[in-house]
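J.: Could you have a look at this structure, given as structure tokens, before my questions?
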Amino acid sequence: MRACGRLASKIPAAVSSNSPRSEARASWRHAIGSRRRSGRAAIAASAIALVANAAPASAEWLLDANVEALFDSNLTRAPSGPDVRPDWAVALDASVGQFFALTGDDGLTVTLDLRGEAYDRYTGLNVAGVGGSMVYRHKLGLGWGAPWVAFVATGSYDDYRADVRTGARFDLRAEVGRRFTESFDAAVGVAYDRRFAPKGEPVVSGISGKVFELTGQSAYFRMGYAIDDAWLLGLSGSIRRGDVESTSEASLPVFLASSAIAEDPAFNQDELYAYRLRGTTSMLGAALSWALSDRSSLNFHYRYELTHSPYDLEYRSYNTGVAFAYRF
Amino acid sequence: MRNSLRSVVLAWGAWAGASFAQSAEIVASVVDQQGRPVADAVVVAVPAGGAVRAPAKAREDVVDQVDKEFVPRVQVVLVGTSVSFPNNDNVRHQVYSFSPAKRFELPLYAGVPAQPIVFDKPGVVVLGCNIHDWMVGFVYVSESPYFAKTGPDGKATLGDLPQRAYVVRVWHPQLEGPEDATRKPVDLGRARTAELRWTLELKPEARVRRAPVSDRIGRY
């Protein structure tokens with residue numbers, strides 16, 4: 001393995017040897033992958049049938065679309081300057097679903113979501129995804145000022161051009177919120193996220209190659225303030241503890257902190273490897289939304305992230321973008 | 001013969017006098033701080049003595065729900081009016097109000113609710129929908145039968161007013177300050193027409209936003 005040879009020169013020799021059963025594992029993964037693909041197709045078909053057929057008169061169709069231009073300052077989530085890779089992307093989101101008013105206080109929203117991202121330079125990050133979401137919300141009273149609780153489940157299958165990232169993911173959330181005035185609302189919540197990426201090949205014996213199989217728990221808040229009938233200012237923040245992925249050149253601190261290592265072809269550079277580490281990520285974001293009509297808006301956002309990992313590894317990045325949102 | 005002629009003349013005089021009295025009107029014009037016409041302002045004329053004749057029969061009116069909005073957004077009714085809230089959307093609504101002038105709730109429904117709501121106390125009733133938080137509407141319950149609502153040109157005409165003195169006031173959902181501060185006396189005892197103009201201080205519209213927000217959560 002070419003990659004293994006290169007990596008071996010930068011990490012301790014004892015852990016740098018070829019995997020003897022890689023072909024058998026690849027064959028097994030292929031078989032499992034085929035079975036999973038048919039399972040996923042069946043689940044997607046069932047979800048579409050559920051959305052299409054379970055539509056009593058009380059259900060409300062939802063159709064949302066977003067087109068966004070975004071910039072990420074550190075797509076590699078690299079700790080040091082030379083490994084940092086910024087890039088622009090265009091993202092398209094579409095979501096179709098139904099809202100069911102189960103009672104005056106209870107609502108269920110089910111959606112089928114499609115997403116695509118295309119990057120300017122690092123096309124290995126280009127992704128097409130299909131997924132769904134289910135949101136149950138219960139209002140603790142009557143009126144817009146009543147507090148509410150919500151449970152959110154989202155899932156998707158994301159097919160990246162760089163296969164190592166391809167896989168399914170899901171996210172479970174529980175949140176409580178309240179609209180304090182017509183202009184101001186806030187919510188806090190906790191989330192559990194899990195991402196699967198079975199295609200990561202190990203490059204170091206005894207260390208998994210599934211770098212993008214990530215699990216995390218987070219707590220978050222968000223609030224919105226309507227400056228007037230057109231402008232809405234949003235603030236959000238989160239703290240997440242769990243697995244993070246970082247792509248950088250091989251180095252001992254990163255290697256020691258890693259629980260998985262794989263080649264990462266997304267950044268067009270052989271010396272870069274993807275690592276899975278434990279870390280705590282703090283995020284703070286601001287957004288400004290300008291209502292063009294009752295059905296459309298222009299949205300600007302800025303998010304800053306800081307991740308701390310063992311061995312004093314620190315990753316910083318920001319993400320900004322402008323999005324046009326339309327609700328049919 | 002002379003008596004008969006006198007009777008006819010007196011009767012004609014009484015009829016003509018009555019007709020003459022009923023033709024009085026107030027032409028109201030409402031603009032905001034910038035001089036722009038204000039639509040949906042309610043103009044109410046209350047007889048100066050306070051004596052308001054009750055209507056002969058109960059009135060009925062409608063506040064519709066179309067495309068997840070109340071239509072009209074501002075409805076003016078006389079106290080005692082029954083208002084129906086038909087739902088012309090293909091989704092269900094749950095209409096409610098917490099206003100002191102009328103507290104009520106119409107549990108989740110489609111079509112036309114079985115019973116209308118009787119607005120039996122003067123005041124402003126703010127309407128909401130528990131499903132669609134952005135929906136807001138207003139029922140202005142007037143103690144006087146002499147009222148009108150301004151159109152897009154900011155003008156309203158209160159016609160067929162008995163000739164007498166009135167106190168006229170204006171209300172709008174975004175009115176800054178008390179409605180009583182807009183009171184203007186007008187004497188229609190002699191003049192048949194009075195033109196009144198208000199410049200209202202309006203506050204920004206307080207309404208839950210309906211437009212979508214793009215708020216994708218960051219991914220790991």
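Ordering of the structure tokens sets the chain letters (A, B, ...), residue numbers begin anew at 1 in every chain, and ligands are numbered from 1 in the order given.
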Hey, which bits of chain A sit within 7 Å of chain B, and for each residue what's the closest pair of atoms and how far apart in Å (one decimal), counting only C-alpha atoms, rows by chain and increasing number, as CSV?

T.:
```
residue,atom,partner,partner_atom,distance
A:Ala57,CA,B:Asn90,CA,6.6
A:Ser58,CA,B:Val91,CA,4.8
A:Ala59,CA,B:Val91,CA,6.2
A:Glu60,CA,B:Val91,CA,5.9
A:Thr103,CA,B:Leu108,CA,6.8
A:Gly104,CA,B:Leu108,CA,5.5
A:Leu142,CA,B:Asn130,CA,6.2
A:Gly143,CA,B:Asn130,CA,5.2
A:Trp144,CA,B:Asp133,CA,5.3
A:Glu182,CA,B:Val208,CA,4.9
A:Ser183,CA,B:Val208,CA,6.4
A:Asp228,CA,B:Pro204,CA,6.7
A:Asp229,CA,B:Glu205,CA,6.6
A:Val244,CA,B:Tyr220,CA,6.9
A:Ser289,CA,B:Val213,CA,6.5
A:Ala291,CA,B:Ala211,CA,5.8
A:Ser293,CA,B:Ala211,CA,6.4
A:Asp294,CA,B:Ala211,CA,4.3
A:Arg295,CA,B:Ala211,CA,5.1
A:Ser296,CA,B:Ala211,CA,5.8
A:Ser297,CA,B:Pro212,CA,6.3
A:Asn299,CA,B:Ser214,CA,6.3
A:Ala323,CA,B:Ser214,CA,6.9
A:Ala325,CA,B:Ser214,CA,6.0
A:Tyr326,CA,B:Pro212,CA,6.8
A:Arg327,CA,B:Pro212,CA,6.5
```

J.: Please produce a file of those selected residues containing C-alpha atoms, as a PDB file, in the first residue's frame.

T.:
```pdb
ATOM      1  CA  ALA A  57     -57.790  16.429   4.547  1.00  0.00           C
ATOM      2  CA  SER A  58     -56.199  17.981   7.624  1.00  0.00           C
ATOM      3  CA  ALA A  59     -52.648  17.484   6.362  1.00  0.00           C
ATOM      4  CA  GLU A  60     -50.775  20.419   4.975  1.00  0.00           C
ATOM      5  CA  THR A 103     -54.762  18.078  17.851  1.00  0.00           C
ATOM      6  CA  GLY A 104     -54.791  21.781  18.524  1.00  0.00           C
ATOM      7  CA  LEU A 142     -52.819  28.095  23.594  1.00  0.00           C
ATOM      8  CA  GLY A 143     -51.398  30.871  21.473  1.00  0.00           C
ATOM      9  CA  TRP A 144     -48.089  31.837  19.973  1.00  0.00           C
ATOM     10  CA  GLU A 182     -44.156  38.421  18.451  1.00  0.00           C
ATOM     11  CA  SER A 183     -40.572  39.476  17.708  1.00  0.00           C
ATOM     12  CA  ASP A 228     -39.036  44.701  11.769  1.00  0.00           C
ATOM     13  CA  ASP A 229     -41.451  42.924   9.489  1.00  0.00           C
ATOM     14  CA  VAL A 244     -14.429  14.835  14.968  1.00  0.00           C
ATOM     15  CA  SER A 289     -32.785  36.910   7.195  1.00  0.00           C
ATOM     16  CA  ALA A 291     -38.097  38.475   4.003  1.00  0.00           C
ATOM     17  CA  SER A 293     -42.298  38.059   0.671  1.00  0.00           C
ATOM     18  CA  ASP A 294     -44.340  35.716   2.837  1.00  0.00           C
ATOM     19  CA  ARG A 295     -42.876  32.854   0.835  1.00  0.00           C
ATOM     20  CA  SER A 296     -39.280  33.812   0.202  1.00  0.00           C
ATOM     21  CA  SER A 297     -36.259  35.222   1.965  1.00  0.00           C
ATOM     22  CA  ASN A 299     -30.434  34.667   4.344  1.00  0.00           C
ATOM     23  CA  ALA A 323     -29.027  31.533   0.772  1.00  0.00           C
ATOM     24  CA  ALA A 325     -35.134  30.268   0.589  1.00  0.00           C
ATOM     25  CA  TYR A 326     -38.503  29.698  -1.040  1.00  0.00           C
ATOM     26  CA  ARG A 327     -41.593  28.023   0.381  1.00  0.00           C
TER      27      ARG A 327
END
```

J.: May I have the residues within 9 Å of region 139-145 of chain B as an NGL selection string, using only C-alpha atoms and disregarding those fewer than 6 positions away in the same chain?

T.: :B and (42 or 44-47 or 52-55 or 63 or 73-81 or 101 or 119-127 or 171)

J.: Generate a file of the selected residues that holds C-alpha atoms, formatted as a compact mmCIF listing (two decimals), in the first residue's frame.

T.:
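New file part.txt:
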```txt
# COMPACT_ATOMS: atom_id res chain seq x y z
CA VAL B 42 -61.44 52.06 11.96
CA VAL B 44 -66.15 55.45 14.74
CA ALA B 45 -68.63 58.27 15.30
CA VAL B 46 -70.33 58.24 18.69
CA PRO B 47 -73.30 60.60 19.22
CA VAL B 52 -77.15 55.17 20.59
CA ARG B 53 -80.24 53.47 19.25
CA ALA B 54 -80.01 49.71 19.35
CA PRO B 55 -80.37 47.96 15.99
CA VAL B 63 -64.19 36.64 9.31
CA ARG B 73 -57.63 41.29 8.61
CA VAL B 74 -59.61 44.02 10.39
CA GLN B 75 -63.35 43.57 10.79
CA VAL B 76 -65.62 46.17 12.41
CA VAL B 77 -68.87 45.05 13.97
CA LEU B 78 -71.53 46.54 16.18
CA VAL B 79 -71.67 45.23 19.71
CA GLY B 80 -73.96 42.20 19.86
CA THR B 81 -73.02 41.01 16.36
CA ALA B 101 -63.47 42.12 25.10
CA PHE B 119 -69.23 39.86 20.36
CA ASP B 120 -71.17 41.36 23.23
CA LYS B 121 -68.66 43.82 24.66
CA PRO B 122 -67.09 46.85 22.95
CA GLY B 123 -63.34 46.78 22.41
CA VAL B 124 -60.63 45.28 20.26
CA VAL B 125 -60.49 41.50 19.93
CA VAL B 126 -57.20 40.12 18.65
CA LEU B 127 -57.54 36.84 16.78
CA TRP B 171 -58.20 53.00 15.78
```

J.: Suppose you want the space between CA of Arg278 (chain A) and CA of Ala150 (chain A); what is it in Å?

T.: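 Distance reported for this atom pair: 28.6 Å.
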
J.: Please identify all polymer residues within 7 Å of Trp198 (chain B), counting only C-alpha atoms, omitting same-chain residues fewer than 5 positions from it, and present them as a PDB file with C-alpha atoms, in the first residue's frame.

T.:
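Printed below is result.pdb as written:
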```pdb
ATOM      1  CA  SER B  29     -58.908  60.720   5.901  1.00  0.00           C
ATOM      2  CA  VAL B  30     -56.122  58.921   7.788  1.00  0.00           C
ATOM      3  CA  VAL B  31     -52.403  59.203   7.087  1.00  0.00           C
TER       4      VAL B  31
END
```

J.: Excluding region 85-87 of chain A and any residue of its chain fewer than 2 positions from it, enumerate the residues within 10 Å of it, using only C-alpha atoms, and give them as a PyMOL selection string.

T.: chain A and resi 70-78+81-83+89+119-123+247-248+267+317-319

J.: Export N, CA and C atoms of the chosen residues as a PDB file, in the first residue's frame?

T.:
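The resulting file, selection_5.pdb, is reproduced below:
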```pdb
ATOM      1  N   LEU A  70     -21.815  29.151  -0.300  1.00  0.00           N
ATOM      2  CA  LEU A  70     -21.183  29.162   1.021  1.00  0.00           C
ATOM      3  C   LEU A  70     -19.675  29.033   0.921  1.00  0.00           C
ATOM      4  N   PHE A  71     -19.032  29.504   1.957  1.00  0.00           N
ATOM      5  CA  PHE A  71     -17.581  29.465   2.026  1.00  0.00           C
ATOM      6  C   PHE A  71     -17.176  28.885   3.368  1.00  0.00           C
ATOM      7  N   ASP A  72     -16.239  27.948   3.322  1.00  0.00           N
ATOM      8  CA  ASP A  72     -15.730  27.367   4.563  1.00  0.00           C
ATOM      9  C   ASP A  72     -14.222  27.623   4.605  1.00  0.00           C
ATOM     10  N   SER A  73     -13.776  28.189   5.708  1.00  0.00           N
ATOM     11  CA  SER A  73     -12.377  28.615   5.799  1.00  0.00           C
ATOM     12  C   SER A  73     -11.421  27.471   6.077  1.00  0.00           C
ATOM     13  N   ASN A  74     -11.947  26.338   6.543  1.00  0.00           N
ATOM     14  CA  ASN A  74     -11.059  25.242   6.920  1.00  0.00           C
ATOM     15  C   ASN A  74     -11.792  23.920   6.738  1.00  0.00           C
ATOM     16  N   LEU A  75     -11.936  23.514   5.494  1.00  0.00           N
ATOM     17  CA  LEU A  75     -12.677  22.282   5.198  1.00  0.00           C
ATOM     18  C   LEU A  75     -11.970  21.054   5.739  1.00  0.00           C
ATOM     19  N   THR A  76     -10.659  21.120   5.834  1.00  0.00           N
ATOM     20  CA  THR A  76      -9.898  19.980   6.354  1.00  0.00           C
ATOM     21  C   THR A  76     -10.007  19.872   7.876  1.00  0.00           C
ATOM     22  N   ARG A  77     -10.510  20.922   8.514  1.00  0.00           N
ATOM     23  CA  ARG A  77     -10.480  21.008   9.983  1.00  0.00           C
ATOM     24  C   ARG A  77      -9.052  20.694  10.466  1.00  0.00           C
ATOM     25  N   ALA A  78      -8.115  21.334   9.803  1.00  0.00           N
ATOM     26  CA  ALA A  78      -6.704  21.066  10.087  1.00  0.00           C
ATOM     27  C   ALA A  78      -6.210  21.970  11.202  1.00  0.00           C
ATOM     28  N   GLY A  81      -1.666  25.852   9.756  1.00  0.00           N
ATOM     29  CA  GLY A  81      -1.877  26.664   8.573  1.00  0.00           C
ATOM     30  C   GLY A  81      -1.682  25.965   7.242  1.00  0.00           C
ATOM     31  N   PRO A  82      -0.558  25.260   7.032  1.00  0.00           N
ATOM     32  CA  PRO A  82      -0.311  24.670   5.706  1.00  0.00           C
ATOM     33  C   PRO A  82      -1.362  23.642   5.282  1.00  0.00           C
ATOM     34  N   ASP A  83      -2.005  23.014   6.246  1.00  0.00           N
ATOM     35  CA  ASP A  83      -2.983  21.974   5.905  1.00  0.00           C
ATOM     36  C   ASP A  83      -4.406  22.517   5.743  1.00  0.00           C
ATOM     37  N   ALA A  89     -18.606  26.767  -2.205  1.00  0.00           N
ATOM     38  CA  ALA A  89     -19.502  25.722  -2.696  1.00  0.00           C
ATOM     39  C   ALA A  89     -20.870  26.313  -3.002  1.00  0.00           C
ATOM     40  N   TYR A 119     -18.393  21.778  -4.848  1.00  0.00           N
ATOM     41  CA  TYR A 119     -17.300  22.653  -4.423  1.00  0.00           C
ATOM     42  C   TYR A 119     -16.504  23.160  -5.627  1.00  0.00           C
ATOM     43  N   ASP A 120     -15.895  24.263  -5.429  1.00  0.00           N
ATOM     44  CA  ASP A 120     -15.149  24.892  -6.513  1.00  0.00           C
ATOM     45  C   ASP A 120     -13.855  24.134  -6.798  1.00  0.00           C
ATOM     46  N   ARG A 121     -13.026  23.946  -5.784  1.00  0.00           N
ATOM     47  CA  ARG A 121     -11.718  23.310  -5.985  1.00  0.00           C
ATOM     48  C   ARG A 121     -11.694  21.854  -5.540  1.00  0.00           C
ATOM     49  N   TYR A 122     -12.269  21.578  -4.399  1.00  0.00           N
ATOM     50  CA  TYR A 122     -12.156  20.230  -3.818  1.00  0.00           C
ATOM     51  C   TYR A 122     -13.394  19.429  -4.147  1.00  0.00           C
ATOM     52  N   THR A 123     -13.433  18.959  -5.388  1.00  0.00           N
ATOM     53  CA  THR A 123     -14.653  18.312  -5.876  1.00  0.00           C
ATOM     54  C   THR A 123     -14.898  16.958  -5.215  1.00  0.00           C
ATOM     55  N   THR A 247      -8.335  16.462   8.677  1.00  0.00           N
ATOM     56  CA  THR A 247      -7.442  16.021   7.607  1.00  0.00           C
ATOM     57  C   THR A 247      -6.186  16.874   7.655  1.00  0.00           C
ATOM     58  N   SER A 248      -5.063  16.199   7.755  1.00  0.00           N
ATOM     59  CA  SER A 248      -3.804  16.944   7.831  1.00  0.00           C
ATOM     60  C   SER A 248      -2.648  16.020   7.452  1.00  0.00           C
ATOM     61  N   PHE A 267      -8.893  16.205  -1.128  1.00  0.00           N
ATOM     62  CA  PHE A 267      -8.176  17.483  -1.230  1.00  0.00           C
ATOM     63  C   PHE A 267      -7.023  17.444  -2.232  1.00  0.00           C
ATOM     64  N   SER A 317     -12.364  27.207  12.502  1.00  0.00           N
ATOM     65  CA  SER A 317     -12.895  27.421  11.153  1.00  0.00           C
ATOM     66  C   SER A 317     -14.086  28.352  11.237  1.00  0.00           C
ATOM     67  N   TYR A 318     -14.364  28.972  10.110  1.00  0.00           N
ATOM     68  CA  TYR A 318     -15.627  29.693  10.021  1.00  0.00           C
ATOM     69  C   TYR A 318     -16.298  29.342   8.704  1.00  0.00           C
ATOM     70  N   ASN A 319     -17.573  29.507   8.725  1.00  0.00           N
ATOM     71  CA  ASN A 319     -18.397  29.153   7.584  1.00  0.00           C
ATOM     72  C   ASN A 319     -19.373  30.287   7.367  1.00  0.00           C
TER      73      ASN A 319
END
```

J.: Report, in Å to a single decimal, how far apart CA of Val152 (chain A) and CA of Arg179 (chain A) are.

T.: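 These atoms are spaced 18.7 Å apart.
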
J.: Nearest to Gly209 (chain A): which of A:Phe328, A:Tyr273, A:Tyr136, A:Phe180 is it, counting only C-alpha atoms?

T.: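 That would be A:Tyr273, the residue with the smallest distance to Gly209 (chain A).
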
J.: Could you pull out all residues of region 179-275 of chain A with a DSSP call of strand (DSSP E or B) and give them as number ranges by chain?

T.: A: 179, 184-195, 204, 207-208, 214-226, 231-249, 258-263, 272-275

J.: Grab the CA of Met223 (chain A) to CA of Phe138 (chain B) distance for me, in Å with one decimal place.

T.: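 One can read the CA of Met223 (chain A) to CA of Phe138 (chain B) distance as 27.9 Å.
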
J.: Report as a list in words: the residues of region 226-315 of chain A with a DSSP assignment of alpha helix (DSSP H), based on the backbone of this structure.

T.: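 Of region 226-315 of chain A, the ones in alpha helix (DSSP H) are Leu252, Pro253, Val254, Phe255, Leu256 and Ala257 of chain A.
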
J.: Could you name the residues that touch Glu263 (chain A) at 9 Å or less, counting only C-alpha atoms, but leaving out those on the same chain fewer than 3 positions away, as a compact mmCIF listing (two decimals) with C-alpha atoms, in the first residue's frame?

T.:
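File produced: selection_33.txt:
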```txt
# COMPACT_ATOMS: atom_id res chain seq x y z
CA ALA A 3 -0.21 5.32 1.40
CA VAL A 164 -14.40 7.43 2.11
CA GLY A 200 -12.85 3.87 4.83
CA GLU A 201 -9.89 1.60 4.19
CA PRO A 202 -7.36 1.19 7.02
CA VAL A 203 -3.86 2.39 6.22
CA GLY A 209 -10.01 3.21 8.45
CA THR A 247 -7.44 16.02 7.61
CA ASP A 270 -1.37 12.56 -1.31
CA GLU A 271 0.27 13.72 1.90
CA LEU A 272 -3.03 14.46 3.59
CA TYR A 273 -4.69 11.86 5.79
CA ALA A 274 -8.00 11.87 7.53
CA TYR A 275 -8.02 11.24 11.26
```

J.: May I have the residues within 12 Å of Arg115 (chain A) as a list in words, using only C-alpha atoms and disregarding those fewer than 3 positions away in the same chain?

T.: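 My reading of the contact set: Asp64, Ala65, Asn66, Val67, Glu68, Val90, Ala91, Leu92, Asp93, Ala94, Ser95, Val96, Leu112, Ala118, Asn126, Val127, Ala128, Gly129, Val130, Gly131, Gly132, Ser156, Tyr157, Asp158, Asp159 and Tyr160 of chain A; Arg216 of chain B.
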
J.: Neighbouring residues of Gly155 (chain A) were defined as those with any atom within 8 Å, considering only C-alpha atoms; residues of the same chain fewer than 6 positions away were excluded. Please report them as a list in words.

T.: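 The neighbour list is Gly131, Gly132, Ser133, Ala168, Arg169, Phe170 and Asp171 of chain A.
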
J.: Could you please take those selected residues and save C-alpha atoms as a CSV table (one decimal), in the first residue's frame?

T.:
```csv
chain,number,residue,atom,x,y,z
A,131,GLY,CA,-33.0,11.7,3.6
A,132,GLY,CA,-36.0,12.4,5.7
A,133,SER,CA,-37.1,14.1,8.9
A,168,ALA,CA,-25.7,7.3,6.2
A,169,ARG,CA,-26.2,9.6,9.2
A,170,PHE,CA,-28.9,10.4,11.6
A,171,ASP,CA,-29.5,13.0,14.2
```

J.: Rank nothing, just name the residue among A:Val211, A:Leu284, A:Ala153, A:Leu235 nearest to Ile261 (chain A), using only C-alpha atoms.

T.: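 Counting only C-alpha atoms, the residue closest to Ile261 (chain A) is A:Val211.
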
J.: Let me make sure I understand: among A:Ala101, A:Ile239, A:Val204, A:Ala226, which one has the smallest atom-to-atom distance to Val190 (chain A) if we use only C-alpha atoms?

T.: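 With only C-alpha atoms as the atom set, the closest residue is A:Ile239.
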